[in-house]
file my_file_31.pdb (PDB, C-alpha atoms)
MODEL        1
ATOM      1  CA  MET F   1    -128.972 143.778-113.588
ATOM      2  CA  GLN F   2    -128.412 141.474-110.666
ATOM      3  CA  GLU F   3    -129.304 138.484-112.813
ATOM      4  CA  LYS F   4    -126.694 139.495-115.400
ATOM      5  CA  ASP F   5    -124.021 139.815-112.740
ATOM      6  CA  THR F   6    -124.895 136.376-111.387
ATOM      7  CA  GLU F   7    -124.753 134.841-114.869
ATOM      8  CA  SER F   8    -121.359 136.469-115.448
ATOM      9  CA  VAL F   9    -120.001 135.080-112.190
ATOM     10  CA  ASN F  10    -121.275 131.604-113.039
ATOM     11  CA  GLU F  11    -119.698 131.782-116.481
ATOM     12  CA  GLN F  12    -116.353 132.756-114.965
ATOM     13  CA  ARG F  13    -116.607 129.812-112.575
ATOM     14  CA  ARG F  14    -117.384 127.420-115.402
ATOM     15  CA  ARG F  15    -114.457 128.788-117.424
ATOM     16  CA  ARG F  16    -112.073 128.389-114.478
ATOM     17  CA  SER F  17    -113.378 124.871-113.956
ATOM     18  CA  ARG F  18    -112.757 123.995-117.609
ATOM     19  CA  ILE F  19    -109.257 125.489-117.450
ATOM     20  CA  SER F  20    -108.554 123.536-114.253
ATOM     21  CA  ARG F  21    -109.701 120.280-115.862
ATOM     22  CA  MET F  22    -107.547 120.977-118.914
ATOM     23  CA  LYS F  23    -104.526 121.655-116.698
ATOM     24  CA  ASN F  24    -105.107 118.422-114.788
ATOM     25  CA  MET F  25    -105.431 116.511-118.053
ATOM     26  CA  ILE F  26    -102.190 118.007-119.381
ATOM     27  CA  VAL F  27    -100.393 117.146-116.115
ATOM     28  CA  LEU F  28    -101.701 113.565-116.277
ATOM     29  CA  ILE F  29    -100.641 113.196-119.907
ATOM     30  CA  LEU F  30     -97.178 114.617-119.232
ATOM     31  CA  GLY F  31     -96.819 112.439-116.117
ATOM     32  CA  GLY F  32     -97.835 109.366-118.098
ATOM     33  CA  TRP F  33     -95.271 110.132-120.769
ATOM     34  CA  VAL F  34     -92.566 110.611-118.146
ATOM     35  CA  VAL F  35     -93.388 107.283-116.456
ATOM     36  CA  LEU F  36     -93.588 105.457-119.797
ATOM     37  CA  SER F  37     -90.291 106.995-120.896
ATOM     38  CA  MET F  38     -88.600 105.871-117.676
ATOM     39  CA  ILE F  39     -89.946 102.329-118.122
ATOM     40  CA  LEU F  40     -88.687 102.237-121.716
ATOM     41  CA  ILE F  41     -85.274 103.608-120.714
ATOM     42  CA  ILE F  42     -84.909 101.045-117.895
ATOM     43  CA  THR F  43     -86.024  98.222-120.201
ATOM     44  CA  LEU F  44     -83.533  99.239-122.891
ATOM     45  CA  PHE F  45     -80.774  99.519-120.287
ATOM     46  CA  LEU F  46     -81.476  95.992-119.020
ATOM     47  CA  ILE F  47     -81.495  94.625-122.567
ATOM     48  CA  VAL F  48     -78.193  96.333-123.413
ATOM     49  CA  PHE F  49     -76.639  95.193-120.129
ATOM     50  CA  ASP F  50     -77.714  91.587-120.719
ATOM     51  CA  MET F  51     -76.362  91.634-124.275
ATOM     52  CA  HIS F  52     -73.073  93.099-123.041
ATOM     53  CA  ARG F  53     -72.792  90.402-120.362
ATOM     54  CA  GLU F  54     -73.439  87.620-122.870
ATOM     55  CA  MET F  55     -70.937  89.060-125.336
ATOM     56  CA  SER F  56     -68.328  89.399-122.587
ATOM     57  CA  GLN F  57     -68.862  85.769-121.592
ATOM     58  CA  MET F  58     -68.591  84.628-125.195
ATOM     59  CA  PHE F  59     -65.420  86.651-125.613
ATOM     60  CA  GLN F  60     -63.916  85.238-122.434
ATOM     61  CA  ASN F  61     -64.724  81.690-123.505
ATOM     62  CA  ASP F  62     -63.180  82.344-126.896
ATOM     63  CA  LYS F  63     -59.972  83.544-125.258
ATOM     64  CA  VAL F  64     -59.453  80.326-123.333
ATOM     65  CA  THR F  65     -60.491  77.911-126.080
ATOM     66  CA  VAL F  66     -57.460  76.200-127.520
ATOM     67  CA  ASN F  67     -57.445  75.352-131.201
ATOM     68  CA  GLN F  68     -57.880  71.574-131.509
ATOM     69  CA  ASN F  69     -55.022  71.318-133.991
ATOM     70  CA  GLY F  70     -52.681  73.161-131.658
ATOM     71  CA  GLN F  71     -51.880  75.784-134.275
ATOM     72  CA  ASN F  72     -52.887  79.016-132.539
ATOM     73  CA  THR F  73     -51.433  80.879-129.603
ATOM     74  CA  VAL F  74     -54.171  81.882-127.185
ATOM     75  CA  ALA F  75     -54.048  85.099-125.186
ATOM     76  CA  GLU F  76     -55.794  85.370-121.833
ATOM     77  CA  THR F  77     -55.558  87.091-118.488
ATOM     78  CA  GLU F  78     -54.421  84.450-116.045
ATOM     79  CA  VAL F  79     -56.198  84.422-112.683
ATOM     80  CA  PHE F  80     -54.260  83.037-109.765
ATOM     81  CA  GLY F  81     -55.512  81.378-106.601
ATOM     82  CA  ASN F  82     -55.108  84.515-104.472
ATOM     83  CA  GLY F  83     -57.732  86.309-106.562
ATOM     84  CA  THR F  84     -55.306  88.723-108.232
ATOM     85  CA  GLU F  85     -54.769  88.965-111.942
ATOM     86  CA  SER F  86     -51.512  89.044-113.789
ATOM     87  CA  SER F  87     -50.977  90.994-116.957
ATOM     88  CA  GLU F  88     -52.003  89.313-120.177
ATOM     89  CA  VAL F  89     -49.926  86.230-120.916
ATOM     90  CA  LEU F  90     -49.683  84.003-123.939
ATOM     91  CA  LEU F  91     -50.544  80.352-123.578
ATOM     92  CA  GLN F  92     -48.906  78.210-126.236
ATOM     93  CA  PRO F  93     -50.667  74.849-126.553
ATOM     94  CA  ASP F  94     -48.612  71.748-127.154
ATOM     95  CA  THR F  95     -48.110  71.068-130.827
ATOM     96  CA  ASP F  96     -47.148  67.434-130.269
ATOM     97  CA  ASP F  97     -49.515  64.607-129.443
ATOM     98  CA  TYR F  98     -49.724  63.569-125.813
ATOM     99  CA  GLU F  99     -47.363  60.908-124.620
ATOM    100  CA  PRO F 100     -49.065  57.750-123.313
ATOM    101  CA  ALA F 101     -50.414  58.323-119.808
ATOM    102  CA  ILE F 102     -48.257  56.638-117.156
ATOM    103  CA  PRO F 103     -49.856  55.193-115.131
ATOM    104  CA  ALA F 104     -53.434  55.344-116.337
ATOM    105  CA  ALA F 105     -55.980  54.128-113.802
ATOM    106  CA  SER F 106     -58.364  51.657-115.372
ATOM    107  CA  GLY F 107     -61.856  52.651-114.314
ATOM    108  CA  ILE F 108     -64.320  49.799-113.830
ATOM    109  CA  SER F 109     -67.265  49.857-116.240
ATOM    110  CA  GLU F 110     -70.838  50.104-115.001
ATOM    111  CA  GLU F 111     -71.584  46.688-116.494
ATOM    112  CA  ASP F 112     -68.710  45.017-114.652
ATOM    113  CA  ASN F 113     -69.713  46.759-111.436
ATOM    114  CA  VAL F 114     -73.266  45.434-111.338
ATOM    115  CA  ALA F 115     -73.652  43.267-108.226
ATOM    116  CA  LYS F 116     -74.933  39.733-108.255
ATOM    117  CA  VAL F 117     -76.883  38.270-105.368
ATOM    118  CA  THR F 118     -73.793  36.446-104.079
ATOM    119  CA  ASP F 119     -71.432  39.458-104.310
ATOM    120  CA  LYS F 120     -70.272  41.226-101.180
ATOM    121  CA  HIS F 121     -70.683  44.990-101.411
ATOM    122  CA  LYS F 122     -67.590  47.150-100.954
ATOM    123  CA  VAL F 123     -68.431  50.686 -99.898
ATOM    124  CA  TYR F 124     -66.072  53.665 -99.852
ATOM    125  CA  LEU F 125     -67.275  56.673 -97.894
ATOM    126  CA  THR F 126     -65.615  59.779 -99.349
ATOM    127  CA  PHE F 127     -65.809  63.286 -97.923
ATOM    128  CA  GLU F 128     -64.964  66.417 -99.908
ATOM    129  CA  ASP F 129     -64.621  70.184 -99.260
ATOM    130  CA  GLY F 130     -63.163  69.882 -95.738
ATOM    131  CA  PRO F 131     -61.714  70.311 -93.294
ATOM    132  CA  SER F 132     -64.377  72.327 -91.464
ATOM    133  CA  LYS F 133     -66.012  72.577 -88.070
ATOM    134  CA  TYR F 134     -67.872  69.357 -88.904
ATOM    135  CA  THR F 135     -64.813  67.247 -89.769
ATOM    136  CA  GLU F 136     -63.992  66.469 -86.161
ATOM    137  CA  ASP F 137     -67.543  65.221 -85.560
ATOM    138  CA  ILE F 138     -67.299  62.975 -88.617
ATOM    139  CA  LEU F 139     -63.936  61.625 -87.499
ATOM    140  CA  ASN F 140     -65.343  60.935 -84.030
ATOM    141  CA  VAL F 141     -68.201  58.909 -85.521
ATOM    142  CA  LEU F 142     -65.797  56.946 -87.727
ATOM    143  CA  ASP F 143     -63.543  56.279 -84.735
ATOM    144  CA  GLU F 144     -66.454  55.145 -82.593
ATOM    145  CA  LYS F 145     -67.637  52.764 -85.335
ATOM    146  CA  ASN F 146     -64.067  51.644 -86.161
ATOM    147  CA  VAL F 147     -64.608  52.500 -89.832
ATOM    148  CA  LYS F 148     -62.050  53.984 -92.232
ATOM    149  CA  ALA F 149     -62.931  56.463 -94.968
ATOM    150  CA  THR F 150     -61.405  58.818 -97.543
ATOM    151  CA  PHE F 151     -61.155  62.601 -97.298
ATOM    152  CA  PHE F 152     -60.640  64.721-100.428
ATOM    153  CA  VAL F 153     -59.555  67.940 -98.769
ATOM    154  CA  THR F 154     -59.012  71.571 -99.666
ATOM    155  CA  GLY F 155     -55.995  73.688 -98.740
ATOM    156  CA  GLN F 156     -56.407  75.533 -95.443
ATOM    157  CA  ASP F 157     -53.934  77.216 -93.128
ATOM    158  CA  GLY F 158     -53.938  77.228 -89.346
ATOM    159  CA  ASP F 159     -53.367  74.728 -86.562
ATOM    160  CA  ALA F 160     -56.971  73.511 -86.544
ATOM    161  CA  ALA F 161     -56.818  72.462 -90.214
ATOM    162  CA  THR F 162     -53.318  70.968 -90.058
ATOM    163  CA  ASP F 163     -54.270  68.962 -86.954
ATOM    164  CA  LEU F 164     -57.210  67.499 -88.870
ATOM    165  CA  TYR F 165     -55.032  66.572 -91.870
ATOM    166  CA  LYS F 166     -52.703  64.730 -89.513
ATOM    167  CA  ARG F 167     -55.526  63.070 -87.609
ATOM    168  CA  ILE F 168     -57.037  61.750 -90.853
ATOM    169  CA  ILE F 169     -53.806  59.923 -91.632
ATOM    170  CA  GLU F 170     -53.002  58.877 -88.069
ATOM    171  CA  GLU F 171     -56.401  57.211 -87.666
ATOM    172  CA  GLY F 172     -55.968  55.150 -90.818
ATOM    173  CA  HIS F 173     -58.084  57.123 -93.260
ATOM    174  CA  THR F 174     -56.970  58.021 -96.776
ATOM    175  CA  LEU F 175     -56.061  61.658 -97.371
ATOM    176  CA  GLY F 176     -56.795  62.739-100.939
ATOM    177  CA  MET F 177     -56.834  66.047-102.790
ATOM    178  CA  HIS F 178     -59.872  68.014-103.919
ATOM    179  CA  THR F 179     -58.624  71.529-104.618
ATOM    180  CA  TYR F 180     -56.468  74.056-102.839
ATOM    181  CA  SER F 181     -58.642  77.127-103.349
ATOM    182  CA  ASN F 182     -62.021  75.438-103.993
ATOM    183  CA  LYS F 183     -62.773  78.271-106.453
ATOM    184  CA  TYR F 184     -64.072  76.544-109.556
ATOM    185  CA  SER F 185     -63.936  79.683-111.713
ATOM    186  CA  THR F 186     -60.221  80.079-110.971
ATOM    187  CA  ILE F 187     -59.169  76.422-111.100
ATOM    188  CA  TYR F 188     -60.891  75.747-114.421
ATOM    189  CA  GLN F 189     -59.957  79.070-115.998
ATOM    190  CA  SER F 190     -56.866  77.606-117.634
ATOM    191  CA  GLU F 191     -54.692  74.508-117.671
ATOM    192  CA  GLU F 192     -51.933  76.442-115.938
ATOM    193  CA  ASN F 193     -54.278  77.443-113.107
ATOM    194  CA  PHE F 194     -55.346  73.840-112.662
ATOM    195  CA  LYS F 195     -51.764  72.577-112.514
ATOM    196  CA  GLU F 196     -50.829  75.323-110.073
ATOM    197  CA  ASP F 197     -53.719  74.439-107.769
ATOM    198  CA  VAL F 198     -52.975  70.702-107.791
ATOM    199  CA  GLY F 199     -49.254  71.217-107.278
ATOM    200  CA  LYS F 200     -49.774  73.678-104.452
ATOM    201  CA  LEU F 201     -52.144  71.356-102.575
ATOM    202  CA  ARG F 202     -49.978  68.288-103.162
ATOM    203  CA  THR F 203     -46.880  70.027-101.817
ATOM    204  CA  TYR F 204     -48.744  71.584 -98.906
ATOM    205  CA  LEU F 205     -50.274  68.333 -97.688
ATOM    206  CA  GLY F 206     -46.942  66.552 -98.088
ATOM    207  CA  ASP F 207     -45.188  69.201 -96.009
ATOM    208  CA  VAL F 208     -47.865  69.199 -93.292
ATOM    209  CA  THR F 209     -48.356  65.435 -92.925
ATOM    210  CA  GLY F 210     -45.158  63.923 -94.292
ATOM    211  CA  VAL F 211     -47.276  61.838 -96.695
ATOM    212  CA  GLU F 212     -47.666  62.952-100.297
ATOM    213  CA  PRO F 213     -51.224  62.214-101.502
ATOM    214  CA  ILE F 214     -51.808  60.297-104.751
ATOM    215  CA  TYR F 215     -55.612  60.372-104.970
ATOM    216  CA  TYR F 216     -57.592  63.255-106.417
ATOM    217  CA  ARG F 217     -61.201  64.287-106.946
ATOM    218  CA  PHE F 218     -62.061  66.819-109.621
ATOM    219  CA  PRO F 219     -64.276  69.655-108.393
ATOM    220  CA  GLY F 220     -67.585  68.737-109.994
ATOM    221  CA  GLY F 221     -66.232  65.365-111.169
ATOM    222  CA  SER F 222     -64.347  64.350-114.306
ATOM    223  CA  SER F 223     -67.387  64.926-116.534
ATOM    224  CA  ASN F 224     -68.191  68.402-115.246
ATOM    225  CA  GLN F 225     -69.418  71.148-117.571
ATOM    226  CA  ILE F 226     -67.771  73.958-115.608
ATOM    227  CA  THR F 227     -64.263  73.934-117.034
ATOM    228  CA  ASN F 228     -63.106  76.351-119.715
ATOM    229  CA  VAL F 229     -60.379  73.946-120.848
ATOM    230  CA  PRO F 230     -60.738  70.403-122.205
ATOM    231  CA  MET F 231     -60.954  67.837-119.408
ATOM    232  CA  GLU F 232     -58.757  65.544-121.491
ATOM    233  CA  SER F 233     -55.765  67.831-120.923
ATOM    234  CA  LEU F 234     -56.382  67.937-117.163
ATOM    235  CA  ILE F 235     -56.798  64.159-116.965
ATOM    236  CA  HIS F 236     -53.613  63.715-118.989
ATOM    237  CA  TYR F 237     -51.778  65.924-116.498
ATOM    238  CA  LEU F 238     -52.950  63.823-113.533
ATOM    239  CA  ASN F 239     -51.985  60.654-115.361
ATOM    240  CA  GLN F 240     -48.518  61.971-116.075
ATOM    241  CA  GLU F 241     -48.149  62.971-112.426
ATOM    242  CA  GLY F 242     -49.123  59.485-111.273
ATOM    243  CA  LEU F 243     -52.279  60.776-109.594
ATOM    244  CA  ILE F 244     -55.443  58.676-109.597
ATOM    245  CA  TYR F 245     -58.752  60.494-109.595
ATOM    246  CA  TYR F 246     -61.987  59.133-108.186
ATOM    247  CA  ASP F 247     -65.497  60.202-109.068
ATOM    248  CA  TRP F 248     -68.498  58.654-107.332
ATOM    249  CA  ASN F 249     -71.383  56.423-108.326
ATOM    250  CA  ILE F 250     -73.599  57.344-105.383
ATOM    251  CA  ALA F 251     -74.394  60.977-104.531
ATOM    252  CA  SER F 252     -75.661  61.166-100.963
ATOM    253  CA  GLY F 253     -77.548  64.456-101.176
ATOM    254  CA  ASP F 254     -76.247  65.300 -97.707
ATOM    255  CA  LEU F 255     -76.052  69.004 -98.583
ATOM    256  CA  ALA F 256     -79.756  69.199 -99.456
ATOM    257  CA  THR F 257     -80.402  70.303 -95.868
ATOM    258  CA  ASN F 258     -84.091  71.044 -96.256
ATOM    259  CA  ALA F 259     -84.901  68.545 -98.981
ATOM    260  CA  TYR F 260     -84.269  65.247 -97.184
ATOM    261  CA  THR F 261     -84.259  63.956 -93.650
ATOM    262  CA  VAL F 262     -81.318  61.937 -92.305
ATOM    263  CA  ASP F 263     -83.317  58.725 -92.679
ATOM    264  CA  GLU F 264     -84.210  59.564 -96.291
ATOM    265  CA  ILE F 265     -80.582  60.292 -97.189
ATOM    266  CA  VAL F 266     -79.408  57.012 -95.656
ATOM    267  CA  ALA F 267     -82.179  55.028 -97.344
ATOM    268  CA  ASN F 268     -81.317  56.525-100.746
ATOM    269  CA  ILE F 269     -77.642  55.568-100.328
ATOM    270  CA  VAL F 270     -78.400  52.016 -99.193
ATOM    271  CA  ASP F 271     -80.853  51.515-102.070
ATOM    272  CA  ASP F 272     -78.013  52.323-104.485
ATOM    273  CA  VAL F 273     -75.335  50.317-102.654
ATOM    274  CA  VAL F 274     -77.192  47.074-103.286
ATOM    275  CA  LYS F 275     -76.803  47.640-107.034
ATOM    276  CA  TYR F 276     -72.989  47.697-107.110
ATOM    277  CA  LYS F 277     -69.992  45.581-106.227
ATOM    278  CA  THR F 278     -68.039  48.789-105.542
ATOM    279  CA  SER F 279     -69.822  51.886-104.278
ATOM    280  CA  VAL F 280     -68.035  55.220-103.935
ATOM    281  CA  VAL F 281     -70.336  57.461-101.916
ATOM    282  CA  GLN F 282     -70.006  61.230-102.249
ATOM    283  CA  LEU F 283     -70.375  62.966 -98.884
ATOM    284  CA  HIS F 284     -69.226  66.379 -97.683
ATOM    285  CA  ASP F 285     -67.485  67.860 -94.681
ATOM    286  CA  GLY F 286     -67.395  71.510 -95.713
ATOM    287  CA  THR F 287     -68.969  74.416 -93.877
ATOM    288  CA  ASP F 288     -72.462  73.490 -95.091
ATOM    289  CA  ALA F 289     -72.316  69.788 -94.124
ATOM    290  CA  VAL F 290     -74.783  70.234 -91.287
ATOM    291  CA  LYS F 291     -76.302  66.732 -91.385
ATOM    292  CA  THR F 292     -73.334  64.687 -92.575
ATOM    293  CA  ALA F 293     -72.062  63.384 -89.222
ATOM    294  CA  GLU F 294     -75.554  62.239 -88.285
ATOM    295  CA  VAL F 295     -75.999  60.652 -91.723
ATOM    296  CA  VAL F 296     -72.687  58.795 -91.414
ATOM    297  CA  GLU F 297     -73.553  57.358 -87.999
ATOM    298  CA  LYS F 298     -76.817  55.822 -89.193
ATOM    299  CA  LEU F 299     -75.399  54.886 -92.601
ATOM    300  CA  ILE F 300     -72.594  52.831 -91.096
ATOM    301  CA  ASP F 301     -75.054  50.903 -88.933
ATOM    302  CA  ASP F 302     -77.282  50.147 -91.938
ATOM    303  CA  LEU F 303     -74.349  49.133 -94.164
ATOM    304  CA  LEU F 304     -72.900  46.805 -91.541
ATOM    305  CA  ALA F 305     -76.347  45.319 -91.001
ATOM    306  CA  MET F 306     -76.416  44.320 -94.678
ATOM    307  CA  ASN F 307     -72.909  42.832 -94.319
ATOM    308  CA  ALA F 308     -71.266  45.448 -96.548
ATOM    309  CA  GLU F 309     -67.526  46.037 -96.227
ATOM    310  CA  ILE F 310     -66.628  49.707 -95.564
ATOM    311  CA  LEU F 311     -63.117  50.613 -96.669
ATOM    312  CA  PRO F 312     -60.804  53.548 -97.366
ATOM    313  CA  ILE F 313     -59.609  54.039-100.932
ATOM    314  CA  ASP F 314     -56.256  52.348-101.577
ATOM    315  CA  LYS F 315     -54.388  50.686-104.438
ATOM    316  CA  GLU F 316     -56.750  47.703-104.325
ATOM    317  CA  THR F 317     -59.878  49.804-104.848
ATOM    318  CA  SER F 318     -61.727  49.517-108.156
ATOM    319  CA  VAL F 319     -61.505  52.949-109.740
ATOM    320  CA  ILE F 320     -64.823  54.718-110.282
ATOM    321  CA  GLN F 321     -64.529  57.327-113.042
ATOM    322  CA  SER F 322     -67.092  59.020-115.276
ATOM    323  CA  VAL F 323     -64.360  59.710-117.845
ATOM    324  CA  LYS F 324     -61.959  56.769-117.808
ATOM    325  CA  ALA F 325     -58.342  57.839-117.331
ATOM    326  CA  ASN F 326     -56.977  55.070-119.540
ATOM    327  CA  THR F 327     -58.924  56.444-122.523
ATOM    328  CA  ILE F 328     -56.834  59.625-122.494
ATOM    329  CA  GLU F 329     -53.532  59.683-124.339
TER     330      GLU F 329
ENDMDL
END

call {"tool": "encode", "arguments": {"input": "my_file_31.pdb", "output": "structure tokens"}}
result
Amino acid sequence: MQEKDTESVNEQRRRRSRISRMKNMIVLILGGWVVLSMILIITLFLIVFDMHREMSQMFQNDKVTVNQNGQNTVAETEVFGNGTESSEVLLQPDTDDYEPAIPAASGISEEDNVAKVTDKHKVYLTFEDGPSKYTEDILNVLDEKNVKATFFVTGQDGDAATDLYKRIIEEGHTLGMHTYSNKYSTIYQSEENFKEDVGKLRTYLGDVTGVEPIYYRFPGGSSNQITNVPMESLIHYLNQEGLIYYDWNIASGDLATNAYTVDEIVANIVDDVVKYKTSVVQLHDGTDAVKTAEVVEKLIDDLLAMNAEILPIDKETSVIQSVKANTIE
């Protein structure tokens, strides 16, 4: 009898053990399905979100693309420099051909700019994105070395910025325009935005310094791939306004803070200078121009040692342009 009771107890234990294993298996299966379902849902959400983003971008680009024949009216939401949006406006492209650009700066070709052994190198140090906390240091170096340069500035309020604009001119440097807002997505959103930005900066600098600037540098250069509107229309506008834009044929790499040392940056610039009669060097004096003042100090010494002439941009300067202004009508 006792043996039967023991066998019965053991059987009950085995049955409970089997039931427990089955429960655990069911829980694991259900948990696996829940996890897999969540992964699938998240994956589908990311795919849908990415498709929606791409479609939105395509739609936005379509809205600001002007028909090449000038036949269609294009609707878009115009974004202004203060970050606010107006209600939808209609942009009517010109139906007539452009008038001849007056004056059109004649950019020197790369072939004509190749230096011969006997040529003296003319070097134009140009700084963009300022003024910033580094601009004063750069100006101090230039003053100490008795070298003049060119500053393509942004639009900034306050006494510190206006004092720097004035100092640039007073110390014999050339004050040029880069952009008022320095927001590429806004400036290149439409032709109207671009014109507004240029006009605002031109007027502002004229009011602050008493000298209206005539030199301009496109954000990203004249061959940039950022703009939503044809660069030809923007170049035509500058031509009609009598503004001369300058690109560069030497990029300093001064913003690659961790990529190059000061000596490497200077050496790269000098190696390129020897190739050209006219070198327009792109430097920066924005908030991230940590090394620029130090680069400029050593660069000037090395350029003078090779008997190069360092000058500010003026009416005698050979125009360096990726897209030549005189090819736009």

call {"tool": "residues_around", "arguments": {"input": "my_file_31.pdb", "residues": "segment 189-194 of chain F", "least_positions_apart": "2", "cutoff": "7 Å", "atoms": "only C-alpha atoms", "output": "ChimeraX atom specification"}}
result
/F:64,80,185-187,196-198,227-229,234

call {"tool": "closest_residue", "arguments": {"input": "my_file_31.pdb", "among": "F:Tyr260, F:Tyr184, F:Tyr124, F:Trp248", "to": "Arg217 of chain F", "atoms": "only C-alpha atoms"}}
result
F:Trp248

call {"tool": "residues_around", "arguments": {"input": "my_file_31.pdb", "residues": "Gln321 of chain F", "least_positions_apart": "4", "cutoff": "12 Å", "atoms": "only C-alpha atoms", "output": "PyMOL selection string"}}
result
chain F and resi 104-110+113+216-218+221-224+235+244-250+278-280+325-327

call {"tool": "closest_residue", "arguments": {"input": "my_file_31.pdb", "among": "F:Pro131, F:Lys166, F:Val35, F:Asp302", "to": "Val274 of chain F", "atoms": "all atoms listed in the file"}}
result
F:Asp302

call {"tool": "closest_residue", "arguments": {"input": "my_file_31.pdb", "among": "F:Ile138, F:Val123, F:Ile41, F:Leu201", "to": "Tyr276 of chain F", "atoms": "all atoms listed in the file"}}
result
F:Val123

call {"tool": "closest_residue", "arguments": {"input": "my_file_31.pdb", "among": "F:Asn146, F:Asn307, F:Arg15, F:Gly155", "to": "His173 of chain F", "atoms": "only C-alpha atoms"}}
result
F:Asn146

call {"tool": "atom_distance", "arguments": {"input": "my_file_31.pdb", "atom1": "atom CA of Ala305 of chain F", "atom2": "atom CA of Val266 of chain F"}}
result
13.0 Å

call {"tool": "residues_around", "arguments": {"input": "my_file_31.pdb", "residues": "Lys116 of chain F", "least_positions_apart": "3", "cutoff": "9 Å", "atoms": "all atoms listed in the file", "output": "list in words"}}
result
Asp119, Lys120, Lys275, Tyr276 and Lys277 of chain F

call {"tool": "resolve_selection", "arguments": {"input": "my_file_31.pdb", "expression": "the PyMOL selection byres ((chain F and resi 257) around 10)", "output": "MDAnalysis selection string"}}
result
chainID F and resid 253:256 258:262 288:292

call {"tool": "resolve_selection", "arguments": {"input": "my_file_31.pdb", "expression": "the PyMOL selection byres ((chain F and resi 147) around 9)", "output": "number ranges by chain"}}
result
F: 141-146, 148-149, 173, 300, 310-312

call {"tool": "atom_distance", "arguments": {"input": "my_file_31.pdb", "atom1": "atom CA of Val211 of chain F", "atom2": "atom CA of Tyr180 of chain F"}}
result
16.5 Å

call {"tool": "atom_distance", "arguments": {"input": "my_file_31.pdb", "atom1": "atom CA of Asp129 of chain F", "atom2": "atom CA of Val153 of chain F"}}
result
5.6 Å

call {"tool": "decode", "arguments": {"input": "my_file_31.pdb", "residues": "segment 130-142 of chain F", "atoms": "N, CA and C atoms", "output": "PDB file, in the first residue's frame"}}
result
ATOM      1  N   GLY F 130      32.858  85.628 -40.438  1.00  0.00           N
ATOM      2  CA  GLY F 130      32.972  86.494 -39.266  1.00  0.00           C
ATOM      3  C   GLY F 130      31.981  87.644 -39.326  1.00  0.00           C
ATOM      4  N   PRO F 131      32.067  88.552 -38.368  1.00  0.00           N
ATOM      5  CA  PRO F 131      33.066  88.589 -37.302  1.00  0.00           C
ATOM      6  C   PRO F 131      32.725  87.643 -36.147  1.00  0.00           C
ATOM      7  N   SER F 132      33.771  87.282 -35.388  1.00  0.00           N
ATOM      8  CA  SER F 132      33.622  86.398 -34.237  1.00  0.00           C
ATOM      9  C   SER F 132      34.651  86.788 -33.187  1.00  0.00           C
ATOM     10  N   LYS F 133      34.748  85.976 -32.173  1.00  0.00           N
ATOM     11  CA  LYS F 133      35.736  86.254 -31.112  1.00  0.00           C
ATOM     12  C   LYS F 133      37.163  86.101 -31.613  1.00  0.00           C
ATOM     13  N   TYR F 134      37.335  85.476 -32.784  1.00  0.00           N
ATOM     14  CA  TYR F 134      38.676  85.287 -33.335  1.00  0.00           C
ATOM     15  C   TYR F 134      39.082  86.398 -34.308  1.00  0.00           C
ATOM     16  N   THR F 135      38.142  87.210 -34.742  1.00  0.00           N
ATOM     17  CA  THR F 135      38.440  88.233 -35.748  1.00  0.00           C
ATOM     18  C   THR F 135      39.456  89.247 -35.243  1.00  0.00           C
ATOM     19  N   GLU F 136      39.325  89.639 -34.002  1.00  0.00           N
ATOM     20  CA  GLU F 136      40.270  90.613 -33.451  1.00  0.00           C
ATOM     21  C   GLU F 136      41.686  90.056 -33.451  1.00  0.00           C
ATOM     22  N   ASP F 137      41.832  88.770 -33.097  1.00  0.00           N
ATOM     23  CA  ASP F 137      43.163  88.154 -33.110  1.00  0.00           C
ATOM     24  C   ASP F 137      43.746  88.147 -34.514  1.00  0.00           C
ATOM     25  N   ILE F 138      42.917  87.842 -35.498  1.00  0.00           N
ATOM     26  CA  ILE F 138      43.369  87.831 -36.891  1.00  0.00           C
ATOM     27  C   ILE F 138      43.791  89.230 -37.328  1.00  0.00           C
ATOM     28  N   LEU F 139      42.981  90.219 -36.981  1.00  0.00           N
ATOM     29  CA  LEU F 139      43.309  91.598 -37.330  1.00  0.00           C
ATOM     30  C   LEU F 139      44.611  92.041 -36.646  1.00  0.00           C
ATOM     31  N   ASN F 140      44.823  91.613 -35.434  1.00  0.00           N
ATOM     32  CA  ASN F 140      46.061  91.966 -34.726  1.00  0.00           C
ATOM     33  C   ASN F 140      47.285  91.384 -35.430  1.00  0.00           C
ATOM     34  N   VAL F 141      47.162  90.147 -35.892  1.00  0.00           N
ATOM     35  CA  VAL F 141      48.272  89.512 -36.620  1.00  0.00           C
ATOM     36  C   VAL F 141      48.541  90.267 -37.914  1.00  0.00           C
ATOM     37  N   LEU F 142      47.472  90.591 -38.659  1.00  0.00           N
ATOM     38  CA  LEU F 142      47.628  91.314 -39.913  1.00  0.00           C
ATOM     39  C   LEU F 142      48.271  92.687 -39.681  1.00  0.00           C
TER      40      LEU F 142
END
